[in-house]
file upload17.cif (mmCIF, C-alpha atoms)
data_coords
loop_
_atom_site.label_atom_id
_atom_site.label_comp_id
_atom_site.auth_asym_id
_atom_site.auth_seq_id
_atom_site.Cartn_x
_atom_site.Cartn_y
_atom_site.Cartn_z
CA MET J 418 78.10 94.37 95.43
CA LYS J 419 80.05 97.33 94.10
CA SER J 420 83.72 96.36 94.02
CA VAL J 421 86.71 98.66 94.48
CA HIS J 422 89.27 98.55 91.66
CA PHE J 423 92.55 98.53 93.59
CA GLY J 424 94.51 99.58 90.52
CA LEU J 425 92.66 102.91 90.64
CA LEU J 426 93.24 103.17 94.39
CA ILE J 427 96.95 102.60 93.88
CA TYR J 428 97.10 105.26 91.16
CA ALA J 429 95.19 107.74 93.30
CA PHE J 430 97.44 107.09 96.26
CA LEU J 431 100.60 107.69 94.24
CA ILE J 432 99.23 110.94 92.82
CA LEU J 433 97.81 112.37 96.05
CA ASN J 434 100.46 111.26 98.54
CA CYS J 435 103.76 112.83 97.64
CA VAL J 436 105.14 112.97 101.14
CA SER J 437 107.64 110.26 101.93
CA GLY J 438 106.54 108.11 104.83
CA ASN J 439 109.94 107.11 106.12
CA GLN J 440 109.41 108.74 109.49
CA ASP J 441 109.12 106.37 112.43
CA ILE J 442 105.45 106.57 113.34
CA ASN J 443 105.97 104.41 116.39
CA ARG J 444 107.73 107.24 118.17
CA LEU J 445 105.24 108.77 120.54
CA ASN J 446 106.26 112.40 120.06
CA GLY J 447 107.67 112.61 123.56
CA LYS J 448 104.24 112.11 125.13
CA GLU J 449 103.62 109.88 128.10
CA SER J 450 100.36 108.04 128.58
CA LYS J 451 98.99 106.39 131.69
CA ASN J 452 95.68 105.33 130.19
CA CYS J 453 93.70 105.58 126.99
CA LYS J 454 92.00 108.82 128.05
CA SER J 455 95.18 110.83 128.51
CA GLY J 456 95.37 111.65 124.81
CA PHE J 457 94.21 110.88 121.30
CA GLY J 458 95.76 108.20 119.16
CA LEU J 459 95.80 104.55 118.17
CA TYR J 460 95.72 101.67 120.65
CA VAL J 461 95.94 97.93 120.14
CA PHE J 462 94.36 95.38 122.50
CA ILE J 463 95.59 91.79 122.79
CA TYR J 464 92.83 89.53 124.08
CA GLY J 465 94.22 86.04 123.45
CA LYS J 466 96.52 83.61 121.67
CA SER J 467 96.17 80.23 119.99
CA LEU J 468 97.81 77.87 117.54
CA TYR J 469 96.36 78.08 114.05
CA PRO J 470 96.84 75.87 110.96
CA ASP J 471 99.33 77.18 108.42
CA ARG J 472 97.07 76.09 105.57
CA PHE J 473 94.83 79.07 106.33
CA LEU J 474 97.61 81.66 106.82
CA ASN J 475 99.70 83.84 104.50
CA VAL J 476 103.01 82.07 105.16
CA LYS J 477 105.96 81.08 102.97
CA GLU J 478 105.99 77.47 104.13
CA ASP J 479 103.38 75.21 105.67
CA LYS J 480 104.93 73.83 108.86
CA GLY J 481 101.68 72.58 110.33
CA SER J 482 100.62 75.36 112.70
CA ARG J 483 101.94 78.42 114.49
CA GLU J 484 100.90 80.87 117.18
CA ILE J 485 98.75 83.83 116.31
CA VAL J 486 97.41 86.55 118.57
CA TYR J 487 93.92 88.03 118.60
CA LEU J 488 93.74 91.81 118.40
CA PHE J 489 91.38 94.72 118.01
CA TYR J 490 92.17 98.43 117.72
CA LEU J 491 90.88 101.68 119.17
CA ILE J 492 91.10 104.91 117.20
CA ARG J 493 90.57 107.69 119.70
CA ILE J 494 89.94 111.12 118.18
CA PRO J 495 87.97 114.16 119.39
CA GLY J 496 84.33 113.13 119.74
CA LYS J 497 84.88 109.54 118.60
CA ASN J 498 86.08 106.23 120.03
CA ILE J 499 86.20 103.85 117.06
CA LEU J 500 86.95 100.14 117.32
CA ILE J 501 88.39 98.15 114.45
CA ASP J 502 86.67 94.82 115.21
CA SER J 503 85.24 93.84 118.58
CA GLY J 504 86.82 90.58 119.65
CA PHE J 505 84.47 88.05 121.29
CA SER J 506 83.67 86.56 124.70
CA ASP J 507 81.89 83.22 124.21
CA GLY J 508 83.46 80.29 126.06
CA PHE J 509 82.58 77.79 123.32
CA TYR J 510 85.01 79.36 120.83
CA ARG J 511 87.69 79.84 123.45
CA LYS J 512 87.65 76.10 124.09
CA LYS J 513 87.26 75.07 120.44
CA PHE J 514 90.31 77.05 119.30
CA GLY J 515 92.44 76.43 122.39
CA PHE J 516 92.80 80.03 123.50
CA SER J 517 95.34 81.04 126.12
CA ASN J 518 95.77 84.38 127.91
CA PHE J 519 92.18 85.24 127.05
CA GLU J 520 90.61 88.46 128.33
CA LYS J 521 87.21 89.91 127.54
CA PRO J 522 87.47 92.94 125.23
CA ASP J 523 85.30 95.19 127.39
CA GLN J 524 87.48 94.46 130.43
CA LEU J 525 90.60 95.44 128.49
CA LEU J 526 89.03 98.77 127.62
CA LYS J 527 88.05 99.39 131.23
CA ARG J 528 91.62 98.64 132.28
CA CYS J 529 92.85 101.59 130.26
CA GLY J 530 90.09 103.94 131.39
CA ILE J 531 87.49 103.55 128.63
CA ASP J 532 83.91 102.68 129.56
CA PRO J 533 82.50 100.29 126.90
CA LYS J 534 79.51 102.65 126.60
CA GLU J 535 81.91 105.32 125.33
CA ILE J 536 82.65 103.39 122.13
CA THR J 537 80.87 105.29 119.35
CA ASP J 538 81.59 103.09 116.33
CA ILE J 539 82.72 99.57 115.45
CA VAL J 540 84.07 98.82 111.98
CA LEU J 541 83.87 95.08 111.37
CA THR J 542 86.52 93.88 108.94
CA HIS J 543 84.41 90.74 108.43
CA PHE J 544 81.77 88.57 110.08
CA HIS J 545 83.91 85.80 111.68
CA PHE J 546 83.45 85.19 115.42
CA ASP J 547 86.78 86.59 116.60
CA HIS J 548 86.07 89.89 114.88
CA SER J 549 82.33 90.35 115.43
CA GLY J 550 81.40 88.22 118.44
CA GLY J 551 81.87 91.07 120.92
CA ILE J 552 79.70 93.75 119.35
CA PHE J 553 77.09 93.43 122.11
CA LEU J 554 79.70 94.46 124.70
CA PHE J 555 79.58 98.04 123.38
CA PRO J 556 75.91 99.08 123.67
CA SER J 557 76.24 102.63 122.33
CA ALA J 558 78.25 101.84 119.21
CA THR J 559 77.13 102.12 115.60
CA LEU J 560 78.14 99.07 113.57
CA HIS J 561 79.69 99.49 110.10
CA ILE J 562 79.64 96.36 107.93
CA GLN J 563 79.36 95.35 104.27
CA ASN J 564 75.93 94.07 103.25
CA HIS J 565 77.16 90.61 102.25
CA ASP J 566 78.85 90.03 105.59
CA LEU J 567 75.85 91.38 107.48
CA ASP J 568 73.76 88.69 105.78
CA LEU J 569 76.29 86.07 106.91
CA LEU J 570 76.53 87.50 110.43
CA LYS J 571 72.76 87.19 110.83
CA LYS J 572 73.08 83.43 110.26
CA GLN J 573 75.56 82.96 113.12
CA SER J 574 75.10 82.62 116.87
CA TYR J 575 78.25 84.08 118.40
CA PHE J 576 76.56 85.33 121.58
CA PRO J 577 73.17 84.91 123.30
CA ASN J 578 70.22 86.66 121.63
CA GLN J 579 72.41 87.75 118.72
CA ALA J 580 69.53 88.09 116.24
CA THR J 581 67.59 90.25 118.70
CA TYR J 582 70.63 92.46 119.28
CA ILE J 583 71.21 93.01 115.56
CA ARG J 584 67.54 93.93 115.11
CA SER J 585 67.86 96.42 117.95
CA LEU J 586 70.81 98.04 116.19
CA SER J 587 68.69 98.53 113.10
CA GLU J 588 65.71 99.85 115.07
CA THR J 589 67.89 102.45 116.82
CA ASN J 590 69.72 103.55 113.64
CA ARG J 591 73.02 102.08 114.82
CA LEU J 592 73.44 99.57 111.99
CA HIS J 593 75.19 100.97 108.92
CA SER J 594 75.45 98.35 106.18
CA PHE J 595 76.61 99.24 102.68
CA ASP J 596 78.35 98.05 99.53
CA GLY J 597 81.81 99.16 98.45
CA THR J 598 83.93 101.96 99.86
CA TYR J 599 82.71 104.41 102.48
CA SER J 600 84.31 107.49 104.02
CA LEU J 601 83.51 107.34 107.73
CA LEU J 602 85.35 110.56 108.57
CA PRO J 603 87.82 112.83 106.80
CA GLY J 604 90.98 110.75 106.48
CA LEU J 605 89.25 107.53 107.61
CA GLN J 606 88.06 105.34 104.77
CA ILE J 607 86.51 101.87 104.81
CA LEU J 608 87.63 99.87 101.76
CA PHE J 609 85.75 96.89 100.35
CA THR J 610 88.23 94.05 99.74
CA GLY J 611 86.08 90.92 99.40
CA GLY J 612 88.95 88.45 99.34
CA HIS J 613 88.75 86.64 102.68
CA THR J 614 84.94 86.73 102.93
CA PRO J 615 82.31 88.12 100.53
CA GLY J 616 82.10 91.33 102.57
CA SER J 617 85.62 91.68 103.92
CA GLN J 618 86.80 95.25 104.33
CA ALA J 619 89.95 97.11 105.33
CA VAL J 620 90.37 100.52 106.96
CA GLU J 621 92.76 103.22 105.80
CA TRP J 622 93.46 106.04 108.25
CA ILE J 623 95.55 109.06 107.26
CA VAL J 624 96.26 111.35 110.21
CA SER J 625 99.24 113.20 108.78
CA SER J 626 102.40 112.53 106.80
CA LYS J 627 103.76 110.87 109.96
CA GLY J 628 100.65 108.85 110.71
CA GLN J 629 99.24 106.68 107.93
CA PHE J 630 97.75 103.26 108.71
CA LEU J 631 96.12 100.38 106.87
CA PHE J 632 94.18 97.80 108.90
CA THR J 633 94.02 94.70 106.72
CA GLY J 634 91.41 92.57 108.46
CA ASP J 635 92.16 88.94 107.67
CA GLU J 636 93.15 89.53 104.06
CA CYS J 637 96.56 88.78 105.56
CA TYR J 638 97.71 87.61 108.98
CA PHE J 639 101.44 88.34 109.03
CA ILE J 640 102.68 91.82 108.17
CA GLU J 641 106.07 91.15 106.56
CA GLU J 642 104.69 88.36 104.40
CA CYS J 643 101.83 90.62 103.36
CA LYS J 644 104.24 93.41 102.41
CA ASN J 645 106.29 90.90 100.41
CA GLY J 646 103.33 89.83 98.31
CA ILE J 647 102.33 86.63 100.10
CA GLY J 648 98.56 86.47 100.15
CA LEU J 649 96.13 83.99 101.62
CA PRO J 650 95.99 80.39 100.41
CA LYS J 651 92.95 79.48 98.36
CA GLU J 652 91.39 77.62 101.31
CA ALA J 653 91.18 80.89 103.27
CA THR J 654 89.62 83.03 100.55
CA PHE J 655 86.23 83.75 99.08
CA SER J 656 87.96 85.40 96.10
CA LEU J 657 91.64 84.71 95.49
CA ARG J 658 91.79 87.44 92.85
CA ARG J 659 90.42 90.10 95.17
CA ASN J 660 92.83 89.02 97.88
CA ARG J 661 95.77 89.38 95.48
CA ASP J 662 94.54 92.80 94.34
CA PHE J 663 94.49 93.93 97.95
CA ILE J 664 97.96 92.48 98.66
CA GLU J 665 99.31 94.61 95.81
CA TYR J 666 97.63 97.65 97.34
CA VAL J 667 99.34 96.82 100.64
CA ARG J 668 102.72 96.69 98.90
CA VAL J 669 102.27 100.11 97.30
CA LEU J 670 101.11 101.79 100.51
CA SER J 671 103.85 100.14 102.56
CA ASP J 672 106.51 101.36 100.12
CA LYS J 673 105.22 104.91 100.62
CA GLY J 674 105.40 104.72 104.42
CA THR J 675 101.94 103.54 105.47
CA LYS J 676 102.00 101.37 108.59
CA ILE J 677 100.43 97.97 107.88
CA LEU J 678 98.47 96.47 110.77
CA THR J 679 96.83 93.05 110.84
CA LEU J 680 94.60 91.48 113.47
CA HIS J 681 96.74 88.42 114.31
CA ASP J 682 100.48 89.11 113.98
CA PRO J 683 102.50 88.62 117.22
CA ALA J 684 105.05 91.13 115.87
CA ILE J 685 102.63 93.91 116.79
CA LEU J 686 103.31 93.14 120.45
CA GLN J 687 106.76 94.68 119.91
CA GLU J 688 105.34 97.95 118.60
CA GLY J 689 104.65 101.14 120.53
CA GLU J 690 104.42 101.43 124.30
CA ASP J 691 102.78 99.38 127.05
CA ILE J 692 99.84 101.19 128.66
CA ALA J 693 98.48 98.28 130.70
CA THR J 694 98.48 94.50 130.48
CA GLY J 695 97.09 93.69 127.04
CA VAL J 696 97.04 97.33 125.89
CA ARG J 697 99.63 99.15 123.79
CA LEU J 698 99.77 102.69 122.44
CA LEU J 699 100.93 102.66 118.81
CA TYR J 700 100.56 106.33 117.88
CA SER J 701 99.56 109.55 119.62
CA PHE J 702 98.84 113.11 118.58
#
call {"tool": "encode", "arguments": {"input": "upload17.cif", "output": "structure tokens"}}
result
Amino acid sequence: MKSVHFGLLIYAFLILNCVSGNQDINRLNGKESKNCKSGFGLYVFIYGKSLYPDRFLNVKEDKGSREIVYLFYLIRIPGKNILIDSGFSDGFYRKKFGFSNFEKPDQLLKRCGIDPKEITDIVLTHFHFDHSGGIFLFPSATLHIQNHDLDLLKKQSYFPNQATYIRSLSETNRLHSFDGTYSLLPGLQILFTGGHTPGSQAVEWIVSSKGQFLFTGDECYFIEECKNGIGLPKEATFSLRRNRDFIEYVRVLSDKGTKILTLHDPAILQEGEDIATGVRLLYSF
């Protein structure tokens, strides 16, 4: 697999991004939103909670376990409805991990006015069940995934007839697997990270000087710890070195004003504006 050298990414970012990012990107520019179709922007969906062992988290001190939330994101731009991860729906995993406040991802989207068939793309940060187990809920979406994690996803059974569904994606040209970094759209780049899993990836989205975001996947769980250089423990990594390279990239982008967003930090529930139960608007334009 072609690896990204994060030192080069950091250098490029410092050269190309001279605008200070100190503006508060959580302000919603005076716009009001009643549902996800009333404007373009970034939405976060909270589909459950559970306790999770500290030994797998990027935390300062192992206290046994703590609560994490389970999130996915919607980037809504003209002509595109892009999900960052898909959540899941299988009852087996809900019971195994002791989920509370669980809601199916497609129902959350419907609640804010988005038909699941309107999702055009899903970027999977990695193959684990809570990130990829809901892909079948969005039957029109093209899936974007690193080759190594696609190979691992094919070996799982996160939902009924999963192998058949993945084959159907390929047969209908809706499966985009690749190695390394890929520019999905102008300003929206998928970055190979390869720390948490062999094919882990992050997403960097630059809307404007006031709207710059980095979606970390599970290279880190808690935002402040991530920004302060605390990476994953060895038990939670495929490559500790790649995870640490990415954590340094997070630090540089955060210092320049990029908003860091993970998929499990309860602090995100305090960001932005409530749209509906389980749905928050983080940024609009």
call {"tool": "resolve_selection", "arguments": {"input": "upload17.cif", "expression": "the PyMOL selection byres ((chain J and resi 518) around 6)", "output": "number ranges by chain"}}
result
J: 465, 517, 519
call {"tool": "write_last_selection", "arguments": {"input": "upload17.cif", "atoms": "C-alpha atoms", "output": "tab-separated table (two decimals), in the frame of the given file"}}
result
chain	number	residue	atom	x	y	z
J	465	GLY	CA	94.22	86.04	123.45
J	517	SER	CA	95.34	81.04	126.12
J	519	PHE	CA	92.18	85.24	127.05
call {"tool": "resolve_selection", "arguments": {"input": "upload17.cif", "expression": "the PyMOL selection byres ((chain J and resi 621-625) around 9)", "output": "PyMOL selection string"}}
result
chain J and resi 603-608+619-620+626-633+675+702
call {"tool": "residues_around", "arguments": {"input": "upload17.cif", "residues": "region 582-597 of chain J", "least_positions_apart": "2", "cutoff": "12 Å", "atoms": "all atoms listed in the file", "output": "ChimeraX atom specification"}}
result
/J:418-423,537-541,543,549-568,570-580,599-601,606-611,615-619
call {"tool": "atom_distance", "arguments": {"input": "upload17.cif", "atom1": "CA of Asp547 (chain J)", "atom2": "CA of Gly496 (chain J)"}}
result
26.8 Å
call {"tool": "closest_atom_pairs", "arguments": {"input": "upload17.cif", "of": "region 441-547 of chain J", "to": "region 649-660 of chain J", "cutoff": "9 Å", "atoms": "all atoms listed in the file", "output": "tab-separated table"}}
result
residue	atom	partner	partner_atom	distance
J:Arg472	CA	J:Pro650	CA	6.8
J:Phe473	CA	J:Ala653	CA	5.1
J:Leu474	CA	J:Leu649	CA	5.9
J:Asn475	CA	J:Leu649	CA	4.6
J:Val476	CA	J:Leu649	CA	8.0
call {"tool": "residues_near_point", "arguments": {"input": "upload17.cif", "point": "(84.6, 104.7, 123.5)", "cutoff": "9 Å", "atoms": "only C-alpha atoms", "output": "PyMOL selection string"}}
result
chain J and resi 491+493+497-500+526+531-538+555+557-558
call {"tool": "resolve_selection", "arguments": {"input": "upload17.cif", "expression": "the PyMOL selection byres ((chain J and resi 683) around 12)", "output": "list in words"}}
result
Val461, Phe462, Ile463, Tyr464, Gly465, Lys466, Ser467, Leu468, Arg483, Glu484, Ile485, Val486, Tyr487, Leu488, Tyr638, Phe639, Ile640, Glu641, Leu678, Thr679, Leu680, His681, Asp682, Ala684, Ile685, Leu686, Gln687 and Glu688 of chain J
call {"tool": "atom_distance", "arguments": {"input": "upload17.cif", "atom1": "CA of Val696 (chain J)", "atom2": "CA of Phe514 (chain J)"}}
result
22.4 Å
call {"tool": "atom_distance", "arguments": {"input": "upload17.cif", "atom1": "CA of Gly504 (chain J)", "atom2": "CA of Tyr490 (chain J)"}}
result
9.7 Å
call {"tool": "closest_residue", "arguments": {"input": "upload17.cif", "among": "J:Lys521, J:His548, J:Ile492, J:Arg668", "to": "Tyr460 (chain J)", "atoms": "only C-alpha atoms"}}
result
J:Ile492
call {"tool": "axis_aligned_box", "arguments": {"input": "upload17.cif", "around": "region 465-474 of chain J", "padding_each_side": "8 Å", "output": "JSON"}}
result
{"center_x": 96.8, "center_y": 81.0, "center_z": 114.5, "size_x": 21.1, "size_y": 26.2, "size_z": 33.9}
call {"tool": "closest_residue", "arguments": {"input": "upload17.cif", "among": "J:Thr598, J:Ser506, J:Thr542, J:Thr581", "to": "Leu525 (chain J)", "atoms": "all atoms listed in the file"}}
result
J:Ser506
call {"tool": "closest_residue", "arguments": {"input": "upload17.cif", "among": "J:Phe457, J:Phe516, J:Phe546, J:Phe489", "to": "Tyr469 (chain J)", "atoms": "all atoms listed in the file"}}
result
J:Phe516
